[in-house]
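Data first, discussion second: the structure below is written as structure tokens.
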Amino acid sequence: MSSDLATRVGALELEHPVMNASGTLDPLAARVAGLAIDAELALVVTKTVTPLAREGNEAPRVCEVAGGMLNSIGLPNPGLEAFAESVLPAVRALGRALVVSIGGFEHADYELAGRRLDGVPGVAALELNVSCPNVRSGCISIGSDAAETEAVVRACRAATGLPLWVKLSPNVADLAAIARAAERGGADALVLTNTLRGLAIDHWSLEPLLGGVSGGLSGPALKPVALAAVHTCRAACSLPLVGVGGIASGWDALEFLAAGASAVQVGSAAFREPLLARRVRTELATLLAQRGLPGIGALKTTTLD
Amino acid sequence: MTLSRVAACEPLGPYVQVRLERTFDPGEAGQFHMLRALAHDSFLARPLSAVAVDDHGVTFLCQPRGPALAALANVGAEVEVLGPFGRGFDSASAGSAPLLVGGGFGAALLAPLSRSLPAAVLLAAFRDAEASRAAELVPAAEREIALPPANLLDLLGARLAGSSSVFAAGPDGLVRAVAGACAAAGVPCQVALEAPMACGYGACYGCAVRLGGELVRLCVEGPVVSGERLAAA
């Protein structure tokens with residue numbers, strides 16, 4: 001038998017559950033390099049855009065560590081207006097619906113992005129990045145606090161009719177409380193999780209290896225953390241969940257779906273394997289079929305409900 | 001992504017020449033590939049530029065620091081290859097008297113370019129005689145090798161006025177100084193830069209450097225960039 005990979009995140013119906021994680025794909029640059037990665041994704045998630053242009057953090061910005069990598073990129077982006085005017089139409093022309101990741105430093109930043117992108121053709125949802133560990137203010141300081149999270153989501157909710165996905169951090173004491181706060185604020189889904197804050201020391205200089213000192217840990221080491229986050233939030237709220245963190249195979253994706261996610265995002269593992277999303281999708285279909293499951297909905301029903 | 005295999009390894013001073021079976025597009029001089037030895041299962045591939053290409057093999061010079069690179073330097077090792085990526089050297093505008101300026105390990109990256117510029121003069125600096133063996137890979141009409149305490153920039157200064165173009169590769173400080181000297185002298189210059197990168201195809205933003213007042217991704221706009229633009233940074 002063949003298994004149907006169709007799924008949905010809230011009202012958004014998807015052909016299959018695999019998309020990219022924000023900040024791990026520039027579909028236009030990938031095309032120039034001969035890689036049609038966007039065609040493998042159910043939705044294309046953009047790199048986080050902030051109201052004003054940002055250059056990001058000092059180099060070095062990436063390094064490998066046991067179990068994955070650290071990044072201290074720091075949200076470089078052209079700013080909301082330049083993004084909406086030039087980047088967004090070019091990405092949209094590739095033919096995939098977009099989830100635009102938005103970040104900021106105060107409530108008004110998310111509200112502004114919500115208003116600017118409301119009704120823009122091709123934008124299927126907004127992903128509120130309240131969890132980047134690599135900026136000195138905003139983002140994660142918002143997402144570390146339940147009241148702040150609720151207020152930011154509420155402000156954005158009032159500004160746009162787009163579905164709001166809220167990407168949360170694992171670097172918090174009470175993730176369930178943050179998840180419930182996002183739900184109260186009007187979120188349509190949660191994305192779990194962003195990277196874990198980490199540090200690497202250079203063996204020669206004995207100084208921090210990254211220019212931004214600490215960075216976000218991604219890769220296989222993040223997967224159990226992200227899975228636990230999905231499991232926690234499944235119990236804490238009734239929002240649909242998108243799992244992200246260390247996914248590098250169909251097995252990994254299946255684990256996230258079994259834990260309660262409706263869809264998954266692949267991130268840093270695609271750096272070494274650009275067409276990873278295709279393999280994850282293929283392997284997932286095989287794994288479901290081997291279990292006699294007609295589709296993703298059946299998996300959730302049979303294993304968790 | 002293509003699978004290849006290490007056909008031969010040959011030490012060269014402190015480095016290893018790693019010859020891969022030519023199962024992939026070797027690209028142009030100055031472009032790079034992302035290489036990952038399957039046996040080590042490193043999480044990220046490593047960016048390396050080819051130093052020699054023939055009908056059956058593509059050779060990379062490897063500085064085996066760390067297990068991911070050391071794993072490449074094994075005959076028979078299976079290697080995942082992505083690329084070629086990025087923008088390489090443009091030799092069409094080299095003119096009649098091109099200068100190749102290299103430092104350390106990076107000097108070897110000028111080898112594929114030098115084969116298309118038979119009149120080129122090589123100026124290269126190394127920390128010691130062992131490291132200077134990297135220059136053996138670069139054919140040149142004439143060569144000057146600077147070992148400490150000699151100064152490469154002095155050699156460059158003596159040659160710059162009579163040269164039609166400069167192509168540089170090596171440590172960041174060195175190539176920036178070369179770009180600055182060329183900009184001051186009005187000699188066209190192309191520079192190969194290096195930065196840690198996770199992907200090689202514009203996704204991770206790890207390799208961004210300041211160029212002409214803006215941050216650009218080396219894997220997209222480089223690794224070979226205009227020396228004038230670098231000097232203006």
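Chain labels follow the order of the structure tokens: the first chain is A, the next B, and so on; residue numbering restarts at 1 in every chain, and ligands are counted from 1 in their shown order.
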
Review point. Using only C-alpha atoms, which chain B residues lie at most 7 Å away from chain A, written as a PyMOL selection string?
Key: chain B and resi 43-45+85+196-199+201-206+215

Just the selected residues (N, CA and C atoms), exported as a tab-separated table (two decimals), in the first residue's frame, please.
```tsv
chain	number	residue	atom	x	y	z
B	43	PHE	N	29.35	16.10	11.07
B	43	PHE	CA	28.02	16.65	10.82
B	43	PHE	C	28.02	17.56	9.60
B	44	LEU	N	29.11	18.30	9.42
B	44	LEU	CA	29.20	19.25	8.31
B	44	LEU	C	30.29	18.82	7.34
B	45	ALA	N	30.08	19.16	6.07
B	45	ALA	CA	31.14	18.99	5.08
B	45	ALA	C	32.12	20.15	5.22
B	85	PHE	N	30.82	25.14	-6.22
B	85	PHE	CA	30.06	26.29	-5.78
B	85	PHE	C	30.88	27.57	-5.91
B	196	PRO	N	34.78	30.08	7.62
B	196	PRO	CA	34.05	28.86	7.97
B	196	PRO	C	32.65	28.91	7.37
B	197	MET	N	32.21	27.82	6.80
B	197	MET	CA	30.86	27.78	6.25
B	197	MET	C	30.25	26.41	6.50
B	198	ALA	N	28.93	26.39	6.66
B	198	ALA	CA	28.27	25.13	6.96
B	198	ALA	C	27.71	24.46	5.71
B	199	CYS	N	27.32	25.28	4.70
B	199	CYS	CA	26.59	24.68	3.58
B	199	CYS	C	27.29	24.80	2.24
B	201	TYR	N	26.14	26.73	-0.19
B	201	TYR	CA	25.19	27.14	-1.24
B	201	TYR	C	24.25	28.27	-0.80
B	202	GLY	N	24.73	29.10	0.12
B	202	GLY	CA	23.99	30.32	0.43
B	202	GLY	C	22.94	30.20	1.50
B	203	ALA	N	22.86	29.05	2.16
B	203	ALA	CA	21.77	28.81	3.10
B	203	ALA	C	22.07	29.29	4.51
B	204	CYS	N	23.31	29.11	4.96
B	204	CYS	CA	23.57	29.27	6.40
B	204	CYS	C	24.02	30.67	6.81
B	205	TYR	N	24.49	31.47	5.88
B	205	TYR	CA	24.99	32.82	6.19
B	205	TYR	C	26.21	32.78	7.13
B	206	GLY	N	26.87	31.62	7.22
B	206	GLY	CA	28.02	31.53	8.10
B	206	GLY	C	29.25	32.23	7.56
B	215	LEU	N	27.83	43.29	4.01
B	215	LEU	CA	28.20	41.91	4.30
B	215	LEU	C	27.67	41.02	3.20
```

Exercise for review: List every residue of range 18-231 of chain B that DSSP, applied to the backbone of this structure, places in alpha helix (DSSP H), and write the result as a ChimeraX atom specification.
Suggested key: /B:67-70,111-115,152-160,172-185,218-221,227-231

Writer output for current selection, N, CA and C atoms, as a tab-separated table (two decimals), in the first residue's frame:
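Produced file out05.tsv, reproduced below:
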```
chain	number	residue	atom	x	y	z
B	67	PRO	N	39.53	15.92	13.00
B	67	PRO	CA	39.17	14.59	12.48
B	67	PRO	C	38.41	14.61	11.16
B	68	ALA	N	37.63	15.65	10.89
B	68	ALA	CA	36.85	15.66	9.65
B	68	ALA	C	37.76	15.75	8.43
B	69	LEU	N	38.80	16.57	8.51
B	69	LEU	CA	39.74	16.70	7.40
B	69	LEU	C	40.70	15.51	7.37
B	70	ALA	N	41.11	15.04	8.54
B	70	ALA	CA	42.01	13.88	8.58
B	70	ALA	C	41.34	12.67	7.93
B	111	ALA	N	47.06	27.20	-8.12
B	111	ALA	CA	47.59	26.24	-9.10
B	111	ALA	C	46.72	26.11	-10.35
B	112	PRO	N	45.40	25.87	-10.24
B	112	PRO	CA	44.62	25.72	-11.47
B	112	PRO	C	44.63	26.98	-12.32
B	113	LEU	N	44.64	28.14	-11.66
B	113	LEU	CA	44.68	29.41	-12.38
B	113	LEU	C	46.00	29.55	-13.14
B	114	SER	N	47.09	29.16	-12.46
B	114	SER	CA	48.41	29.36	-13.06
B	114	SER	C	48.55	28.58	-14.36
B	115	ARG	N	47.85	27.47	-14.48
B	115	ARG	CA	47.96	26.67	-15.71
B	115	ARG	C	47.36	27.38	-16.91
B	152	LEU	N	56.64	39.48	2.06
B	152	LEU	CA	56.00	39.31	0.75
B	152	LEU	C	55.59	40.64	0.15
B	153	LEU	N	55.16	41.57	1.01
B	153	LEU	CA	54.69	42.85	0.48
B	153	LEU	C	55.83	43.65	-0.15
B	154	ASP	N	57.06	43.44	0.35
B	154	ASP	CA	58.21	44.09	-0.28
B	154	ASP	C	58.43	43.51	-1.69
B	155	LEU	N	58.31	42.18	-1.79
B	155	LEU	CA	58.44	41.55	-3.11
B	155	LEU	C	57.37	42.07	-4.05
B	156	LEU	N	56.16	42.17	-3.52
B	156	LEU	CA	55.03	42.65	-4.34
B	156	LEU	C	55.29	44.09	-4.78
B	157	GLY	N	55.74	44.92	-3.85
B	157	GLY	CA	55.98	46.33	-4.15
B	157	GLY	C	56.97	46.49	-5.31
B	158	ALA	N	57.97	45.62	-5.34
B	158	ALA	CA	59.00	45.72	-6.38
B	158	ALA	C	58.47	45.31	-7.75
B	159	ARG	N	57.38	44.51	-7.76
B	159	ARG	CA	56.87	43.97	-9.02
B	159	ARG	C	55.60	44.66	-9.52
B	160	LEU	N	54.92	45.35	-8.61
B	160	LEU	CA	53.55	45.77	-8.89
B	160	LEU	C	53.45	46.71	-10.09
B	172	ASP	N	43.90	35.71	5.61
B	172	ASP	CA	43.05	36.89	5.46
B	172	ASP	C	43.85	38.19	5.51
B	173	GLY	N	44.73	38.33	6.51
B	173	GLY	CA	45.50	39.56	6.65
B	173	GLY	C	46.38	39.81	5.44
B	174	LEU	N	46.96	38.76	4.92
B	174	LEU	CA	47.85	38.88	3.77
B	174	LEU	C	47.09	39.35	2.52
B	175	VAL	N	45.98	38.67	2.22
B	175	VAL	CA	45.28	39.01	0.97
B	175	VAL	C	44.64	40.40	1.06
B	176	ARG	N	44.26	40.81	2.27
B	176	ARG	CA	43.73	42.17	2.43
B	176	ARG	C	44.84	43.20	2.18
B	177	ALA	N	46.03	42.90	2.67
B	177	ALA	CA	47.16	43.81	2.45
B	177	ALA	C	47.50	43.87	0.96
B	178	VAL	N	47.44	42.73	0.29
B	178	VAL	CA	47.71	42.69	-1.15
B	178	VAL	C	46.66	43.50	-1.90
B	179	ALA	N	45.39	43.33	-1.52
B	179	ALA	CA	44.31	44.08	-2.16
B	179	ALA	C	44.50	45.58	-1.97
B	180	GLY	N	44.93	45.96	-0.77
B	180	GLY	CA	45.16	47.38	-0.49
B	180	GLY	C	46.29	47.94	-1.34
B	181	ALA	N	47.39	47.19	-1.45
B	181	ALA	CA	48.52	47.64	-2.24
B	181	ALA	C	48.15	47.77	-3.71
B	182	CYS	N	47.36	46.81	-4.21
B	182	CYS	CA	46.95	46.85	-5.62
B	182	CYS	C	46.01	48.03	-5.88
B	183	ALA	N	45.08	48.26	-4.94
B	183	ALA	CA	44.14	49.39	-5.10
B	183	ALA	C	44.92	50.70	-5.15
B	184	ALA	N	45.93	50.81	-4.28
B	184	ALA	CA	46.72	52.05	-4.24
B	184	ALA	C	47.51	52.24	-5.53
B	185	ALA	N	47.94	51.13	-6.11
B	185	ALA	CA	48.75	51.20	-7.33
B	185	ALA	C	47.90	51.19	-8.60
B	218	LEU	N	30.36	34.63	1.18
B	218	LEU	CA	31.48	34.23	0.32
B	218	LEU	C	31.11	33.10	-0.63
B	219	CYS	N	30.21	32.23	-0.20
B	219	CYS	CA	29.86	31.09	-1.05
B	219	CYS	C	29.00	31.51	-2.24
B	220	VAL	N	28.38	32.69	-2.15
B	220	VAL	CA	27.53	33.18	-3.23
B	220	VAL	C	28.29	34.20	-4.08
B	221	GLU	N	28.87	35.21	-3.42
B	221	GLU	CA	29.56	36.28	-4.16
B	221	GLU	C	31.05	36.02	-4.26
B	227	GLY	N	39.48	42.69	-5.55
B	227	GLY	CA	40.38	43.28	-4.58
B	227	GLY	C	40.02	44.73	-4.29
B	228	GLU	N	39.56	45.44	-5.31
B	228	GLU	CA	39.15	46.83	-5.12
B	228	GLU	C	38.01	46.91	-4.11
B	229	ARG	N	37.06	46.00	-4.26
B	229	ARG	CA	35.91	45.99	-3.36
B	229	ARG	C	36.35	45.63	-1.94
B	230	LEU	N	37.28	44.70	-1.83
B	230	LEU	CA	37.76	44.30	-0.51
B	230	LEU	C	38.52	45.46	0.14
B	231	ALA	N	39.33	46.14	-0.67
B	231	ALA	CA	40.11	47.26	-0.13
B	231	ALA	C	39.20	48.39	0.33
```

Point to revise | Pick from B:Phe167, B:Phe24, B:Phe105, B:Phe32, whichever lies nearest to Gly86 in chain B using only C-alpha atoms | key: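 Nearest to Gly86 in chain B: B:Phe32.
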
Check your understanding: Near Ala146 in chain A, within 7 Å and counting only C-alpha atoms, which residues show up once chain neighbours fewer than 2 positions away are dropped, as a PyMOL selection string?
Key -> chain A and resi 144+148-150+177-178+181

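Counting from CA of Gln31 in chain B, the distance to CA of Ala107 in chain B is 14.5 Å.
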